[in-house]
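Structure file start03.tsv (TSV, C-alpha atoms and all ligand atoms) is printed below.
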chain	number	residue	atom	x	y	z
I	1	MET	CA	109.62	128.36	80.84
I	2	SER	CA	107.53	125.21	81.45
I	3	SER	CA	106.82	124.12	85.03
I	4	THR	CA	109.17	121.14	84.59
I	5	GLN	CA	112.14	123.30	83.62
I	6	LEU	CA	114.12	124.84	86.44
I	7	SER	CA	115.68	128.28	86.28
I	8	SER	CA	119.45	128.39	86.90
I	9	GLN	CA	118.75	129.90	90.35
I	10	GLU	CA	116.30	127.07	91.21
I	11	SER	CA	118.76	124.45	89.88
I	12	ALA	CA	121.51	125.87	92.04
I	13	SER	CA	119.33	125.83	95.19
I	14	ARG	CA	117.90	122.34	94.46
I	15	PRO	CA	119.71	119.76	96.59
I	16	SER	CA	121.53	117.12	94.54
I	17	VAL	CA	119.58	113.91	93.98
I	18	ILE	CA	122.73	111.78	94.28
I	19	PRO	CA	122.74	111.40	98.14
I	20	CYS	CA	119.02	110.60	98.09
I	21	PHE	CA	119.50	108.04	95.28
I	22	LEU	CA	122.50	106.46	97.06
I	23	ARG	CA	120.54	106.09	100.31
I	24	GLY	CA	117.67	104.55	98.33
I	25	PHE	CA	120.12	102.10	96.74
I	26	PHE	CA	121.81	101.05	100.01
I	27	GLU	CA	118.47	100.61	101.79
I	28	ASN	CA	116.77	98.81	98.86
I	29	PRO	CA	119.58	97.45	96.63
I	30	LEU	CA	117.45	94.88	94.82
I	31	GLN	CA	114.68	97.28	93.93
I	32	VAL	CA	116.80	100.28	92.98
I	33	ALA	CA	119.50	98.15	91.24
I	34	SER	CA	121.68	101.19	90.38
I	35	PHE	CA	123.52	103.61	92.62
I	36	VAL	CA	123.11	106.69	90.42
I	37	PRO	CA	120.08	108.02	88.52
I	38	SER	CA	119.91	107.64	84.75
I	39	SER	CA	122.25	109.77	82.64
I	40	VAL	CA	121.24	112.78	80.55
I	41	TYR	CA	121.76	110.55	77.48
I	42	LEU	CA	119.01	108.20	78.60
I	43	GLN	CA	116.86	111.18	79.58
I	44	ARG	CA	117.28	112.62	76.06
I	45	LYS	CA	116.40	109.26	74.52
I	46	LEU	CA	113.18	109.20	76.54
I	47	SER	CA	112.33	112.82	75.66
I	48	SER	CA	112.70	111.95	71.98
I	49	LEU	CA	110.08	109.18	72.02
I	50	ALA	CA	107.49	110.09	69.36
I	51	CYS	CA	104.72	108.21	71.20
I	52	LEU	CA	104.90	110.70	74.10
I	53	GLN	CA	104.11	113.72	71.94
I	54	THR	CA	100.47	112.80	71.40
I	55	ALA	CA	99.82	110.79	74.57
I	56	ARG	CA	97.01	111.94	76.88
I	57	CYS	CA	97.84	109.51	79.67
I	58	VAL	CA	101.31	108.15	80.48
I	59	VAL	CA	102.42	105.88	83.34
I	60	GLU	CA	105.96	105.80	84.71
I	61	LEU	CA	106.92	102.77	86.80
I	62	GLY	CA	110.03	103.17	88.96
I	63	PRO	CA	110.61	106.91	88.45
I	64	GLY	CA	113.23	107.02	91.23
I	65	THR	CA	114.12	110.60	92.16
I	66	GLY	CA	112.39	112.01	89.06
I	67	GLU	CA	115.17	112.56	86.51
I	68	THR	CA	113.43	110.35	83.94
I	69	THR	CA	110.06	111.85	84.96
I	70	ARG	CA	111.28	115.31	83.94
I	71	ALA	CA	112.39	113.90	80.58
I	72	LEU	CA	108.94	112.41	79.94
I	73	LEU	CA	107.17	115.63	80.92
I	74	GLU	CA	109.31	117.60	78.48
I	75	ALA	CA	107.86	115.60	75.58
I	76	MET	CA	104.26	115.27	76.79
I	77	PRO	CA	101.43	117.64	75.75
I	78	ALA	CA	100.37	120.38	78.19
I	79	ASP	CA	96.96	118.80	78.80
I	80	SER	CA	98.18	115.25	79.40
I	81	GLN	CA	98.62	113.40	82.70
I	82	LEU	CA	101.46	111.33	84.12
I	83	LEU	CA	100.99	108.72	86.83
I	84	CYS	CA	104.23	107.85	88.67
I	85	VAL	CA	104.33	104.61	90.70
I	86	GLU	CA	107.32	104.19	93.02
I	87	VAL	CA	108.01	101.88	96.01
I	88	VAL	CA	110.82	103.72	97.84
I	89	SER	CA	109.28	106.27	100.26
I	90	GLU	CA	112.20	108.72	100.10
I	91	PHE	CA	111.94	108.81	96.28
I	92	VAL	CA	108.18	109.33	96.55
I	93	ALA	CA	108.73	112.37	98.81
I	94	ARG	CA	111.11	113.76	96.22
I	95	LEU	CA	108.65	113.16	93.37
I	96	GLN	CA	105.91	114.95	95.30
I	97	GLU	CA	107.99	118.15	94.99
I	98	PHE	CA	107.09	118.32	91.27
I	99	ALA	CA	105.10	121.52	90.79
I	100	ASP	CA	103.71	120.25	87.48
I	101	PRO	CA	99.91	119.76	87.59
I	102	ARG	CA	100.19	116.84	85.13
I	103	VAL	CA	101.97	114.67	87.73
I	104	THR	CA	100.26	112.24	90.15
I	105	VAL	CA	102.56	110.26	92.44
I	106	VAL	CA	101.53	106.98	94.10
I	107	GLU	CA	103.63	105.04	96.62
I	108	ASN	CA	102.99	101.42	95.71
I	109	SER	CA	104.34	98.53	93.69
I	110	ALA	CA	104.06	98.54	89.91
I	111	LEU	CA	102.39	95.17	90.36
I	112	ALA	CA	99.33	97.01	91.73
I	113	LEU	CA	99.02	99.17	88.59
I	114	LYS	CA	95.60	97.90	87.57
I	115	SER	CA	93.94	98.82	90.88
I	116	ILE	CA	95.86	102.14	91.09
I	117	LEU	CA	94.49	103.19	87.68
I	118	GLN	CA	90.98	102.25	88.80
I	119	GLN	CA	91.27	104.09	92.14
I	120	LYS	CA	92.66	107.22	90.51
I	121	LYS	CA	90.08	106.99	87.69
I	122	PHE	CA	92.80	107.20	85.04
I	123	PRO	CA	92.00	106.14	81.45
I	124	ALA	CA	93.97	103.36	79.75
I	125	PRO	CA	97.50	104.78	79.29
I	126	GLU	CA	98.81	105.17	75.74
I	127	VAL	CA	102.41	104.89	76.96
I	128	ILE	CA	103.93	103.01	79.90
I	129	VAL	CA	107.60	103.68	80.63
I	130	SER	CA	109.27	101.41	83.16
I	131	GLY	CA	112.60	101.68	84.96
I	132	VAL	CA	111.71	98.75	87.24
I	133	PRO	CA	114.61	96.30	86.94
I	134	PHE	CA	113.17	93.02	85.62
I	135	SER	CA	116.57	91.35	86.16
I	136	VAL	CA	116.17	91.36	89.95
I	137	MET	CA	112.52	90.31	90.05
I	138	THR	CA	111.53	86.66	90.31
I	139	PRO	CA	110.42	85.28	86.92
I	140	GLU	CA	106.89	84.97	88.35
I	141	GLU	CA	106.83	88.67	89.37
I	142	GLY	CA	108.35	89.70	86.04
I	143	ARG	CA	105.69	87.81	84.08
I	144	GLN	CA	102.95	89.23	86.30
I	145	LEU	CA	104.19	92.78	85.72
I	146	ILE	CA	104.33	92.29	81.94
I	147	GLN	CA	100.80	90.86	81.91
I	148	THR	CA	99.51	93.79	83.98
I	149	ILE	CA	101.20	96.30	81.65
I	150	TYR	CA	99.74	94.55	78.60
I	151	GLN	CA	96.22	94.42	80.09
I	152	VAL	CA	96.03	98.08	81.10
I	153	LEU	CA	97.77	99.57	78.02
I	154	ALA	CA	95.43	101.17	75.46
I	155	PRO	CA	95.18	99.33	72.10
I	156	GLY	CA	98.01	100.60	69.89
I	157	GLY	CA	99.83	101.84	73.02
I	158	ALA	CA	103.59	101.66	73.62
I	159	PHE	CA	105.51	99.93	76.40
I	160	VAL	CA	109.03	101.30	76.86
I	161	THR	CA	111.61	99.99	79.30
I	162	TYR	CA	115.33	100.58	79.87
I	163	GLN	CA	117.23	97.58	81.20
I	164	PHE	CA	120.83	96.45	81.62
I	165	ARG	CA	119.94	92.74	81.17
I	166	ASN	CA	117.81	91.38	78.36
I	167	ASN	CA	115.60	88.92	80.31
I	168	VAL	CA	112.68	91.32	79.77
I	169	CYS	CA	112.52	90.14	76.11
I	170	GLU	CA	111.76	86.58	77.16
I	171	LEU	CA	109.22	87.77	79.73
I	172	ALA	CA	107.47	90.07	77.24
I	173	ALA	CA	107.43	87.65	74.29
I	174	ASP	CA	104.13	85.92	75.12
I	175	CYS	CA	102.11	89.15	75.40
I	176	PHE	CA	103.92	91.56	73.10
I	177	GLY	CA	106.04	89.43	70.74
I	178	ALA	CA	109.42	90.83	69.68
I	179	PRO	CA	110.31	94.46	70.54
I	180	GLN	CA	109.69	96.99	67.80
I	181	SER	CA	113.02	98.65	68.63
I	182	ARG	CA	116.04	98.18	70.90
I	183	GLU	CA	118.60	100.96	71.27
I	184	LEU	CA	121.78	100.88	73.31
I	185	VAL	CA	122.57	103.84	75.57
I	186	LEU	CA	126.28	103.40	76.20
I	187	TRP	CA	126.71	106.58	78.24
I	188	ASN	CA	124.89	105.45	81.32
I	189	LEU	CA	126.02	103.70	84.49
I	190	PRO	CA	125.56	100.84	83.71
I	191	PRO	CA	125.03	100.99	79.90
I	192	LEU	CA	121.54	99.84	79.06
I	193	ASP	CA	119.12	99.09	76.27
I	194	VAL	CA	115.88	100.97	75.64
I	195	TYR	CA	113.20	98.57	74.37
I	196	LEU	CA	109.90	99.56	72.80
I	197	TRP	CA	106.92	97.27	72.21
I	198	LYS	CA	103.57	98.18	70.68
I	199	LYS	CA	100.29	96.60	71.74
I	200	ALA	CA	98.21	95.60	68.71
I	201	GLU	CA	95.32	97.87	67.75
I	202	ARG	CA	91.89	96.47	68.59
I	203	LYS	CA	90.93	93.81	66.06
I	204	THR	CA	88.11	94.82	63.75
I	205	HIS	CA	85.74	91.89	63.48
I	206	LYS	CA	84.51	91.26	59.98
I	207	ARG	CA	80.75	90.77	59.73
I	208	LEU	CA	80.05	87.17	58.82
I	209	PRO	CA	77.68	86.77	55.88
I	210	THR	CA	74.29	85.89	57.32
I	211	ALA	CA	72.57	82.84	55.93
I	212	PRO	CA	69.25	83.61	54.17
I	213	LEU	CA	66.31	82.93	56.49
I	214	LYS	CA	64.38	79.83	55.63
I	215	ALA	CA	60.69	80.37	54.91
W	301	LIG	C1	117.11	101.60	88.02
W	301	LIG	S1	116.13	102.63	89.11
W	301	LIG	C2	115.52	103.82	87.92
W	301	LIG	C3	115.19	105.14	88.58
W	301	LIG	C4	114.91	106.30	87.62
W	301	LIG	N1	113.83	106.02	86.72
W	301	LIG	C5	116.13	106.66	86.84
W	301	LIG	O1	116.25	106.16	85.71
W	301	LIG	O2	116.98	107.42	87.32
W	301	LIG	C6	114.72	101.56	89.37
W	301	LIG	C7	113.55	102.21	90.09
W	301	LIG	O3	112.45	101.29	90.15
W	301	LIG	C8	111.89	101.32	91.46
W	301	LIG	N2	111.18	100.04	91.69
W	301	LIG	C9	111.71	98.80	91.83
W	301	LIG	N3	110.76	97.88	91.97
W	301	LIG	C10	109.57	98.54	91.88
W	301	LIG	C11	108.21	98.14	91.91
W	301	LIG	N4	107.86	96.85	92.08
W	301	LIG	N5	107.26	99.09	91.78
W	301	LIG	C12	107.58	100.41	91.58
W	301	LIG	N6	108.86	100.85	91.55
W	301	LIG	C13	109.84	99.93	91.69
W	301	LIG	C14	113.09	101.55	92.36
W	301	LIG	O4	112.75	101.99	93.66
W	301	LIG	C15	113.85	102.58	91.54
W	301	LIG	O5	113.38	103.88	91.80
Rewrite the structure from the file as structure tokens, please.
Ligand SMILES: C[S@@+](CC[C@H](N)C(=O)[O-])C[C@H]1O[C@@H](n2cnc3c(N)ncnc32)[C@H](O)[C@@H]1O
Amino acid sequence: MSSTQLSSQESASRPSVIPCFLRGFFENPLQVASFVPSSVYLQRKLSSLACLQTARCVVELGPGTGETTRALLEAMPADSQLLCVEVVSEFVARLQEFADPRVTVVENSALALKSILQQKKFPAPEVIVSGVPFSVMTPEEGRQLIQTIYQVLAPGGAFVTYQFRNNVCELAADCFGAPQSRELVLWNLPPLDVYLWKKAERKTHKRLPTAPLKA
């Protein structure tokens, strides 16, 4: 059994995340934006992302109480690392209970991602998964977050986000262009779309023909 899977005895003794999530929602409604964690259907969709299977470094923004975190860990290689960035202190305390050595939890805003990666000496992530609700951010904050994600993502890396409004497409268009895929997860409260963008691979510069030297 992997360290992210819980035995039936552990699952039974683990307090439900629902009260914790509800408190987080009532205390921070704009940031949490949902009163229950994501459904198992969304978790399965995240676990099935091919880009996670070979990733060495993954970032999760807005992991909440860790239900989506567990889904990511299920798909990630044993020697990879996952950086979780969350603003709600009670959720952070919950995330710190993960016994998986791949997990690093930071209490901060996703907007500080660039400096967090530097402080923690993490390499450029190949995958960034975000549950941060772009619909309740100001357009300025939303644009800033997209730019940060684009800057720190490794060339060829994937940016995945699940959202119940589609304003993220407009925000992401300048950096990423159109999403590579968009899939509806109906069985979630509320139903939402999972978007995936790819950052272009580094451009290979063609050598310009050099002019013959004049004598
Ligand atoms: C819709 S909930 C998703 C929670 C969890 N990933 C899930 O699917 O069950 C959004 C999460 O983003 C977090 N969040 C909102 N704004 C944030 C920010 N600027 N930086 C980091 N986390 C943020 C919230 O606290 C909350 O945990």
- Coordinates-based distance that separates CA of Tyr162 in chain I from CA of Val132 in chain I (Å, one decimal):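 Between these atoms lies a distance of 8.4 Å.
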Show me, as JSON lines, the residues of chain I having an atom within 6 Å of ligand LIG 301 (chain W), each with the closest atom pair and its distance in Å, using all atoms listed in the file.
{"residue": "I:Gln31", "atom": "CA", "partner": "W:LIG301", "partner_atom": "C9", "distance": 3.9}
{"residue": "I:Val32", "atom": "CA", "partner": "W:LIG301", "partner_atom": "C14", "distance": 4.0}
{"residue": "I:Ala33", "atom": "CA", "partner": "W:LIG301", "partner_atom": "C1", "distance": 5.3}
{"residue": "I:Ser34", "atom": "CA", "partner": "W:LIG301", "partner_atom": "C1", "distance": 5.2}
{"residue": "I:Pro37", "atom": "CA", "partner": "W:LIG301", "partner_atom": "O2", "distance": 3.4}
{"residue": "I:Ser38", "atom": "CA", "partner": "W:LIG301", "partner_atom": "O2", "distance": 3.9}
{"residue": "I:Leu61", "atom": "CA", "partner": "W:LIG301", "partner_atom": "C12", "distance": 5.4}
{"residue": "I:Gly62", "atom": "CA", "partner": "W:LIG301", "partner_atom": "O3", "distance": 3.3}
{"residue": "I:Pro63", "atom": "CA", "partner": "W:LIG301", "partner_atom": "N1", "distance": 3.8}
{"residue": "I:Gly64", "atom": "CA", "partner": "W:LIG301", "partner_atom": "O5", "distance": 3.2}
{"residue": "I:Glu67", "atom": "CA", "partner": "W:LIG301", "partner_atom": "O2", "distance": 5.5}
{"residue": "I:Thr68", "atom": "CA", "partner": "W:LIG301", "partner_atom": "N1", "distance": 5.2}
{"residue": "I:Val85", "atom": "CA", "partner": "W:LIG301", "partner_atom": "C12", "distance": 5.4}
{"residue": "I:Glu86", "atom": "CA", "partner": "W:LIG301", "partner_atom": "N6", "distance": 4.0}
{"residue": "I:Val87", "atom": "CA", "partner": "W:LIG301", "partner_atom": "N6", "distance": 4.7}
{"residue": "I:Val88", "atom": "CA", "partner": "W:LIG301", "partner_atom": "O4", "distance": 4.9}
{"residue": "I:Ser109", "atom": "CA", "partner": "W:LIG301", "partner_atom": "N5", "distance": 3.5}
{"residue": "I:Ala110", "atom": "CA", "partner": "W:LIG301", "partner_atom": "N5", "distance": 3.7}
{"residue": "I:Leu111", "atom": "CA", "partner": "W:LIG301", "partner_atom": "N4", "distance": 6.0}
{"residue": "I:Gly131", "atom": "CA", "partner": "W:LIG301", "partner_atom": "C2", "distance": 4.7}
{"residue": "I:Val132", "atom": "CA", "partner": "W:LIG301", "partner_atom": "O3", "distance": 3.9}
{"residue": "I:Pro133", "atom": "CA", "partner": "W:LIG301", "partner_atom": "C6", "distance": 5.8}
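Here CA of Cys169 in chain I is placed at a distance of 23.2 Å from CA of Cys84 in chain I.
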I need every residue sitting at most 7 Å from the point (104.4, 93.0, 75.1) (coordinates as in the file, all atoms listed in the file considered), written as a tab-separated table (two decimals) with C-alpha atoms, in the coordinates of the input.
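Written file, selection21.tsv:
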chain	number	residue	atom	x	y	z
I	146	ILE	CA	104.33	92.29	81.94
I	150	TYR	CA	99.74	94.55	78.60
I	172	ALA	CA	107.47	90.07	77.24
I	173	ALA	CA	107.43	87.65	74.29
I	175	CYS	CA	102.11	89.15	75.40
I	176	PHE	CA	103.92	91.56	73.10
I	177	GLY	CA	106.04	89.43	70.74
I	197	TRP	CA	106.92	97.27	72.21
I	198	LYS	CA	103.57	98.18	70.68
I	199	LYS	CA	100.29	96.60	71.74
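Our summary of the geometry notes that CA of Glu27 in chain I is positioned 22.8 Å from CA of Pro139 in chain I.
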- Message: Env of range 180-195 of chain I: 7 Å cut, atoms = only C-alpha atoms, seq-sep filter 3 positions within chain, self excluded. Answer as JSON, numbers by chain.
- Response: {"I": [38, 39, 41, 42, 160, 161, 162, 163, 164, 198]}
Dump as a short mmCIF file (atom, residue, chain, number, x, y, z; two decimals), keeping the file's coordinate frame, selection limited to C-alpha atoms:
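Output contents, as saved in again_33.cif:
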data_model
loop_
_atom_site.label_atom_id
_atom_site.label_comp_id
_atom_site.auth_asym_id
_atom_site.auth_seq_id
_atom_site.Cartn_x
_atom_site.Cartn_y
_atom_site.Cartn_z
CA SER I 38 119.91 107.64 84.75
CA SER I 39 122.25 109.77 82.64
CA TYR I 41 121.76 110.55 77.48
CA LEU I 42 119.01 108.20 78.60
CA VAL I 160 109.03 101.30 76.86
CA THR I 161 111.61 99.99 79.30
CA TYR I 162 115.33 100.58 79.87
CA GLN I 163 117.23 97.58 81.20
CA PHE I 164 120.83 96.45 81.62
CA LYS I 198 103.57 98.18 70.68
#
Hey, what's within 8 Å of Ala200 in chain I if we count all atoms listed in the file and toss same-chain stuff fewer than 2 positions away? As a compact mmCIF listing (two decimals) with C-alpha atoms, in the coordinates of the input, please?
# COMPACT_ATOMS: atom_id res chain seq x y z
CA PRO I 155 95.18 99.33 72.10
CA GLY I 156 98.01 100.60 69.89
CA GLY I 157 99.83 101.84 73.02
CA LYS I 198 103.57 98.18 70.68
CA ARG I 202 91.89 96.47 68.59
CA LYS I 203 90.93 93.81 66.06
- Message: Give me, as a ChimeraX atom specification, all polymer residues having an atom no more than 9 Å from Arg23 in chain I, counting all atoms listed in the file and skipping those fewer than 4 positions away in the same chain.
- Response: /I:18-19,27-28,35,90
- Message: Which residue is closest to Lys121 in chain I? Choose from I:Gln151, I:Asn108, I:Gln81, I:Thr69 and count only C-alpha atoms.
- Response: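 For Lys121 in chain I, the nearest of the candidates is I:Gln81.
Counting only C-alpha atoms, the residue from I:Leu46, I:Ala178, I:Val127, I:Val92 that sits nearest to Ser80 in chain I is I:Val127.
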- Message: I'd like the neighbourhood of Ala75 in chain I as an NGL selection string, where a residue qualifies if any of its atoms comes within 6 Å (using only C-alpha atoms), though same-chain residues fewer than 6 positions away should be ignored.
- Response: :I and (47 or 52-53)
For the selection you just gave me, I'd like the residues written to a file as a PDB file, in the coordinates of the input, keeping C-alpha atoms.
ATOM      1  CA  SER I  47     112.330 112.820  75.660  1.00  0.00           C
ATOM      2  CA  LEU I  52     104.900 110.700  74.100  1.00  0.00           C
ATOM      3  CA  GLN I  53     104.110 113.720  71.940  1.00  0.00           C
TER       4      GLN I  53
END
- Query: So which one's closest to Ile116 in chain I, I:Gln147, I:Thr104, I:Ser89, I:Ser48? Using only C-alpha atoms, please.
  - Reply: I:Thr104
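You can rank I:Leu95, I:Val103, I:Met137, I:Leu73 by their closest distance to Arg44 in chain I using only C-alpha atoms, and at the top of that list sits I:Leu73.
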- Item | I:Leu196, I:Glu140, I:Thr65, I:Arg56 ranked by distance to Ala154 in chain I, top pick (using all atoms listed in the file) |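 The answer is I:Arg56, which sits nearest to Ala154 in chain I.
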- Query: So, counting only C-alpha atoms, which residue among I:Ala93, I:Val168, I:Ala112, I:Ala99 is closest to Thr138 in chain I?
  - Reply: I:Val168
- Message: With all atoms listed in the file as the counted atoms, please give the residues lying no more than 6 Å from Val58 in chain I, apart from itself and same-chain residues fewer than 5 positions off, as a ChimeraX atom specification.
- Response: /I:82,125,127-128
